[in-house]
$ cat protein.cif   # mmCIF, C-alpha atoms
data_structure
loop_
_atom_site.label_atom_id
_atom_site.label_comp_id
_atom_site.auth_asym_id
_atom_site.auth_seq_id
_atom_site.Cartn_x
_atom_site.Cartn_y
_atom_site.Cartn_z
CA MET A 1384 106.05 84.52 165.32
CA PRO A 1385 106.27 85.30 161.60
CA SER A 1386 108.34 88.24 160.53
CA THR A 1387 106.35 91.37 159.66
CA SER A 1388 108.96 92.41 157.10
CA ALA A 1389 108.25 89.24 155.06
CA GLY A 1390 104.56 90.17 155.02
CA ILE A 1391 105.39 93.70 153.93
CA VAL A 1392 107.66 92.45 151.12
CA THR A 1393 104.97 90.01 149.96
CA GLY A 1394 102.36 92.78 149.97
CA LEU A 1395 104.59 95.18 148.05
CA THR A 1396 105.47 92.50 145.48
CA ALA A 1397 101.80 91.68 144.93
CA ALA A 1398 100.96 95.39 144.55
CA ALA A 1399 103.80 95.85 142.05
CA LEU A 1400 102.63 92.87 139.97
CA VAL A 1401 99.06 94.19 139.91
CA THR A 1402 100.31 97.65 138.86
CA VAL A 1403 102.43 96.21 136.04
CA GLY A 1404 99.49 94.11 134.86
CA VAL A 1405 97.15 97.11 134.82
CA LEU A 1406 99.70 99.24 132.95
CA ALA A 1407 100.31 96.46 130.39
CA TYR A 1408 96.58 96.13 129.81
CA GLN A 1409 96.19 99.90 129.38
CA ALA A 1410 99.08 99.99 126.91
CA SER A 1411 97.64 97.14 124.83
CA ALA A 1412 94.15 98.64 124.94
CA THR A 1413 95.35 101.98 123.57
CA VAL A 1414 97.30 100.63 120.58
CA PRO A 1415 95.50 101.73 117.41
CA ALA A 1416 93.81 98.82 115.63
CA THR A 1417 95.31 100.04 112.35
CA LEU A 1418 98.94 99.92 113.52
CA GLY A 1419 100.88 97.89 110.95
CA ARG A 1420 98.14 98.19 108.31
CA PRO A 1421 97.91 100.68 105.45
CA HIS A 1422 96.05 103.87 106.29
CA THR A 1423 93.82 105.79 103.94
CA SER A 1424 95.12 109.28 103.57
CA ALA A 1425 96.43 111.66 100.94
CA THR A 1426 99.73 109.77 101.13
CA THR A 1427 97.99 106.48 100.32
CA ASP A 1428 96.22 108.03 97.32
CA VAL A 1429 99.49 109.36 95.95
CA ALA A 1430 101.31 106.10 96.72
CA ALA A 1431 98.75 103.97 94.85
CA ALA A 1432 99.92 105.43 91.53
CA LYS A 1433 103.53 105.28 90.43
CA ALA A 1434 105.32 108.12 92.25
CA PRO A 1435 107.00 110.57 89.83
CA ARG A 1436 110.72 109.92 89.35
CA ASP A 1437 113.64 112.09 88.31
CA THR A 1438 114.74 110.17 85.20
CA ARG A 1439 118.18 111.83 85.29
CA HIS A 1440 118.73 110.67 88.89
CA PRO A 1441 117.11 107.26 89.43
CA SER A 1442 118.17 107.11 93.09
CA ALA A 1443 116.61 110.53 93.89
CA LEU A 1444 113.74 110.58 96.38
CA PRO A 1445 110.49 110.28 94.41
CA ALA A 1446 108.13 113.26 94.55
CA GLY A 1447 104.93 112.60 96.47
CA SER A 1448 106.56 110.07 98.82
CA GLY A 1449 105.29 111.64 102.02
CA THR A 1450 106.59 114.23 104.46
CA GLY A 1451 108.61 114.28 107.65
CA GLU A 1452 111.14 111.75 108.90
CA ARG A 1453 110.33 108.44 107.26
CA VAL A 1454 111.45 105.31 105.46
CA VAL A 1455 110.32 105.24 101.83
CA TYR A 1456 110.17 101.83 100.12
CA SER A 1457 109.46 101.47 96.39
CA VAL A 1458 108.11 98.02 95.57
CA ASP A 1459 108.60 98.68 91.83
CA ASP A 1460 112.20 99.90 92.09
CA ASP A 1461 113.31 97.65 95.02
CA ARG A 1462 114.84 100.73 96.64
CA VAL A 1463 114.70 102.32 100.09
CA TRP A 1464 115.28 105.92 101.16
CA LEU A 1465 115.91 106.91 104.79
CA VAL A 1466 114.56 110.45 104.93
CA ALA A 1467 115.48 112.82 107.77
CA ALA A 1468 113.83 116.12 108.72
CA GLY A 1469 113.58 118.67 105.93
CA ASN A 1470 113.16 115.94 103.27
CA LYS A 1471 116.92 115.28 103.43
CA VAL A 1472 117.83 111.79 102.22
CA ARG A 1473 120.21 110.29 104.76
CA ARG A 1474 120.79 107.11 102.76
CA THR A 1475 119.33 105.25 99.79
CA PHE A 1476 120.00 101.67 98.76
CA GLU A 1477 118.66 98.76 96.74
CA VAL A 1478 116.96 95.82 98.44
CA THR A 1479 115.89 92.30 97.52
CA PRO A 1480 112.21 91.81 98.36
CA GLY A 1481 110.51 88.66 99.57
CA THR A 1482 107.72 87.05 97.58
CA VAL A 1483 104.94 89.09 99.27
CA ASP A 1484 104.79 92.87 98.85
CA PRO A 1485 102.99 95.30 101.16
CA ALA A 1486 100.27 97.44 99.55
CA PRO A 1487 101.22 101.05 98.85
CA GLY A 1488 100.35 103.24 101.81
CA SER A 1489 101.50 104.62 105.13
CA TYR A 1490 102.70 102.28 107.90
CA TRP A 1491 104.67 102.49 111.15
CA VAL A 1492 107.48 100.33 112.50
CA THR A 1493 105.69 97.98 114.89
CA SER A 1494 108.48 95.69 116.12
CA ARG A 1495 112.20 95.02 115.84
CA SER A 1496 114.49 92.07 116.54
CA ASN A 1497 118.26 92.17 116.75
CA THR A 1498 118.82 88.60 115.49
CA VAL A 1499 116.39 85.87 114.42
CA THR A 1500 116.02 83.18 111.79
CA GLY A 1501 114.08 84.23 108.69
CA THR A 1502 111.11 82.27 107.34
CA ASP A 1503 113.49 80.87 104.73
CA GLY A 1504 115.79 79.49 107.44
CA THR A 1505 118.48 82.16 106.95
CA PRO A 1506 119.99 83.78 110.06
CA ILE A 1507 119.16 87.49 109.86
CA GLU A 1508 119.85 90.60 111.91
CA HIS A 1509 118.38 94.05 112.46
CA VAL A 1510 114.81 93.08 111.60
CA VAL A 1511 112.46 96.09 111.32
CA ARG A 1512 108.81 95.00 110.89
CA PHE A 1513 106.08 97.32 109.65
CA ALA A 1514 103.23 95.41 107.97
CA THR A 1515 101.35 92.14 107.69
CA VAL A 1516 99.79 90.74 104.53
CA GLY A 1517 97.55 87.82 105.43
CA SER A 1518 99.73 85.70 107.67
CA VAL A 1519 103.02 87.06 106.27
CA THR A 1520 104.92 89.67 108.28
CA ILE A 1521 106.72 92.28 106.18
CA GLY A 1522 109.98 93.84 107.33
CA PHE A 1523 113.50 94.87 106.46
CA SER A 1524 116.45 92.65 107.47
CA ALA A 1525 120.03 91.76 106.62
CA ALA A 1526 121.32 88.22 106.16
CA VAL A 1527 124.18 87.45 108.54
CA ALA A 1528 125.91 85.27 105.92
CA PRO A 1529 125.57 85.20 102.14
CA ALA A 1530 122.75 82.99 100.87
CA THR A 1531 123.88 79.55 99.76
CA ALA A 1532 120.83 78.94 97.55
CA PRO A 1533 118.42 81.20 95.71
CA PRO A 1534 115.15 81.86 97.56
CA ASP A 1535 112.25 79.50 96.81
CA PRO A 1536 109.66 81.55 94.86
CA THR A 1537 106.86 79.23 96.03
CA VAL A 1538 107.38 80.11 99.72
CA ARG A 1539 105.52 83.22 100.94
CA THR A 1540 108.11 85.46 102.57
CA GLY A 1541 107.95 89.10 103.63
CA GLY A 1542 111.61 89.74 104.32
CA ILE A 1543 113.02 92.71 102.41
CA ARG A 1544 116.75 91.96 102.45
CA GLU A 1545 119.43 94.61 102.74
CA THR A 1546 123.20 94.45 102.88
CA ARG A 1547 124.60 94.41 106.40
CA PRO A 1548 125.80 98.07 106.23
CA ASP A 1549 122.36 99.13 104.94
CA GLY A 1550 120.73 97.00 107.64
CA ASN A 1551 122.80 98.80 110.29
CA ALA A 1552 121.65 102.17 108.92
CA MET A 1553 118.01 101.02 108.89
CA TRP A 1554 118.32 99.70 112.46
CA ASP A 1555 119.66 103.02 113.71
CA PHE A 1556 117.02 105.05 111.83
CA ALA A 1557 113.81 102.99 111.94
CA THR A 1558 112.86 102.79 115.59
CA ILE A 1559 109.40 101.75 116.87
CA GLY A 1560 106.77 104.16 115.57
CA ARG A 1561 108.88 105.48 112.65
CA LYS A 1562 106.73 106.13 109.56
CA VAL A 1563 107.22 103.81 106.56
CA ILE A 1564 105.78 104.93 103.23
CA VAL A 1565 105.37 102.22 100.58
CA ILE A 1566 105.13 103.46 96.99
CA ARG A 1567 105.01 101.90 93.55
#
$ encode --input "protein.cif" --output "structure tokens"
Amino acid sequence: MPSTSAGIVTGLTAAALVTVGVLAYQASATVPATLGRPHTSATTDVAAAKAPRDTRHPSALPAGSGTGERVVYSVDDDRVWLVAAGNKVRRTFEVTPGTVDPAPGSYWVTSRSNTVTGTDGTPIEHVVRFATVGSVTIGFSAAVAPATAPPDPTVRTGGIRETRPDGNAMWDFATIGRKVIVIR
């Protein structure tokens, strides 16, 4: 005679798998279609023009770069600001962009990877992705080792490279859902 406990375990396992499947479907069905794409808002309008700069302090947070906790990325200045509550700059640093820039606007961190290989074949860490332009994913990352050759300008890449210390700071600050403001 078959054991009734085996039947119970099988039934519970099947019920758990169905529940997980339903919850996964509900989560994917409620993700906004615009996640990872620029959003039209007052921030986007301001970001489309060159954000005002403090000429005496070139690393100062540009006026009109959004509100709240956020990452601000200037495609013209190749600079990032990690902005905490109260518009307090936690850290600012220069970056080396890929060959594809995101459009100015408001985005959110959509995915992260601890370590991967970049589209240029370079091992990278602390990847923080926030946009897609065509088939190119845009995100911040730090190369694990110094580059041995200059990047190929003919290859479409979206990696915005940081130093490893800056990459660590970005990783700690820019969790899933964190706002990213791209400005000129």
$ atom_distance --input "protein.cif" --atom1 "CA of Pro1445 (chain A)" --atom2 "CA of Tyr1490 (chain A)"
17.5 Å
$ closest_residue --input "protein.cif" --among "A:Thr1475, A:Thr1537, A:Ser1494, A:Ser1442" --to "Asp1549 (chain A)" --atoms "all atoms listed in the file"
A:Thr1475
$ residues_around --input "protein.cif" --residues "Asp1555 (chain A)" --least-positions-apart "4" --cutoff "12 Å" --atoms "only C-alpha atoms" --output "list in words"
Val1454, Leu1465, Arg1473, Arg1474, Arg1495, Asn1497, His1509, Val1510, Val1511, Pro1548, Asp1549, Gly1550, Asn1551, Ile1559 and Arg1561 of chain A
$ resolve_selection --input "protein.cif" --expression "the PyMOL selection byres ((chain A and resi 1528) around 12)" --output "ChimeraX atom specification"
/A:1500,1504-1508,1525-1527,1529-1532,1544-1547
$ closest_residue --input "protein.cif" --among "A:Lys1562, A:Gly1488, A:Pro1480, A:Glu1452" --to "Ser1524 (chain A)" --atoms "only C-alpha atoms"
A:Pro1480
$ atom_distance --input "protein.cif" --atom1 "CA of Ala1557 (chain A)" --atom2 "CA of Pro1536 (chain A)"
27.7 Å
$ closest_atom_pairs --input "protein.cif" --of "region 1435-1502 of chain A" --to "region 1538-1541 of chain A" --cutoff "8 Å" --atoms "only C-alpha atoms" --output "Markdown table"
| residue | atom | partner | partner_atom | distance |
| --- | --- | --- | --- | --- |
| A:Pro1480 | CA | A:Gly1541 | CA | 7.3 |
| A:Gly1481 | CA | A:Gly1541 | CA | 4.8 |
| A:Thr1482 | CA | A:Thr1540 | CA | 5.3 |
| A:Val1483 | CA | A:Gly1541 | CA | 5.3 |
| A:Asp1484 | CA | A:Gly1541 | CA | 6.9 |
| A:Thr1502 | CA | A:Thr1540 | CA | 6.5 |
$ atom_distance --input "protein.cif" --atom1 "CA of Asp1459 (chain A)" --atom2 "CA of Ile1566 (chain A)"
7.8 Å
$ resolve_selection --input "protein.cif" --expression "the PyMOL selection byres ((chain A and resi 1444) around 10)" --output "mmCIF file with C-alpha atoms, in the frame of the given file"
data_model
loop_
_atom_site.group_PDB
_atom_site.id
_atom_site.type_symbol
_atom_site.label_atom_id
_atom_site.label_comp_id
_atom_site.auth_asym_id
_atom_site.auth_seq_id
_atom_site.Cartn_x
_atom_site.Cartn_y
_atom_site.Cartn_z
ATOM 1 C CA ALA A 1434 105.320 108.120 92.250
ATOM 2 C CA PRO A 1435 107.000 110.570 89.830
ATOM 3 C CA ARG A 1436 110.720 109.920 89.350
ATOM 4 C CA ASP A 1437 113.640 112.090 88.310
ATOM 5 C CA HIS A 1440 118.730 110.670 88.890
ATOM 6 C CA PRO A 1441 117.110 107.260 89.430
ATOM 7 C CA SER A 1442 118.170 107.110 93.090
ATOM 8 C CA ALA A 1443 116.610 110.530 93.890
ATOM 9 C CA PRO A 1445 110.490 110.280 94.410
ATOM 10 C CA ALA A 1446 108.130 113.260 94.550
ATOM 11 C CA GLY A 1447 104.930 112.600 96.470
ATOM 12 C CA SER A 1448 106.560 110.070 98.820
ATOM 13 C CA VAL A 1455 110.320 105.240 101.830
ATOM 14 C CA ARG A 1462 114.840 100.730 96.640
ATOM 15 C CA VAL A 1463 114.700 102.320 100.090
ATOM 16 C CA TRP A 1464 115.280 105.920 101.160
ATOM 17 C CA LEU A 1465 115.910 106.910 104.790
ATOM 18 C CA VAL A 1466 114.560 110.450 104.930
ATOM 19 C CA ASN A 1470 113.160 115.940 103.270
ATOM 20 C CA LYS A 1471 116.920 115.280 103.430
ATOM 21 C CA VAL A 1472 117.830 111.790 102.220
ATOM 22 C CA THR A 1475 119.330 105.250 99.790
#
$ closest_residue --input "protein.cif" --among "A:Gly1522, A:Gly1469, A:Pro1534, A:Pro1487" --to "Ile1564 (chain A)" --atoms "only C-alpha atoms"
A:Pro1487
$ closest_residue --input "protein.cif" --among "A:Thr1558, A:Thr1450, A:Thr1493, A:Thr1479" --to "Ala1467 (chain A)" --atoms "only C-alpha atoms"
A:Thr1450
$ closest_residue --input "protein.cif" --among "A:Phe1523, A:Ser1388, A:Pro1485, A:Gly1501" --to "Val1458 (chain A)" --atoms "only C-alpha atoms"
A:Pro1485
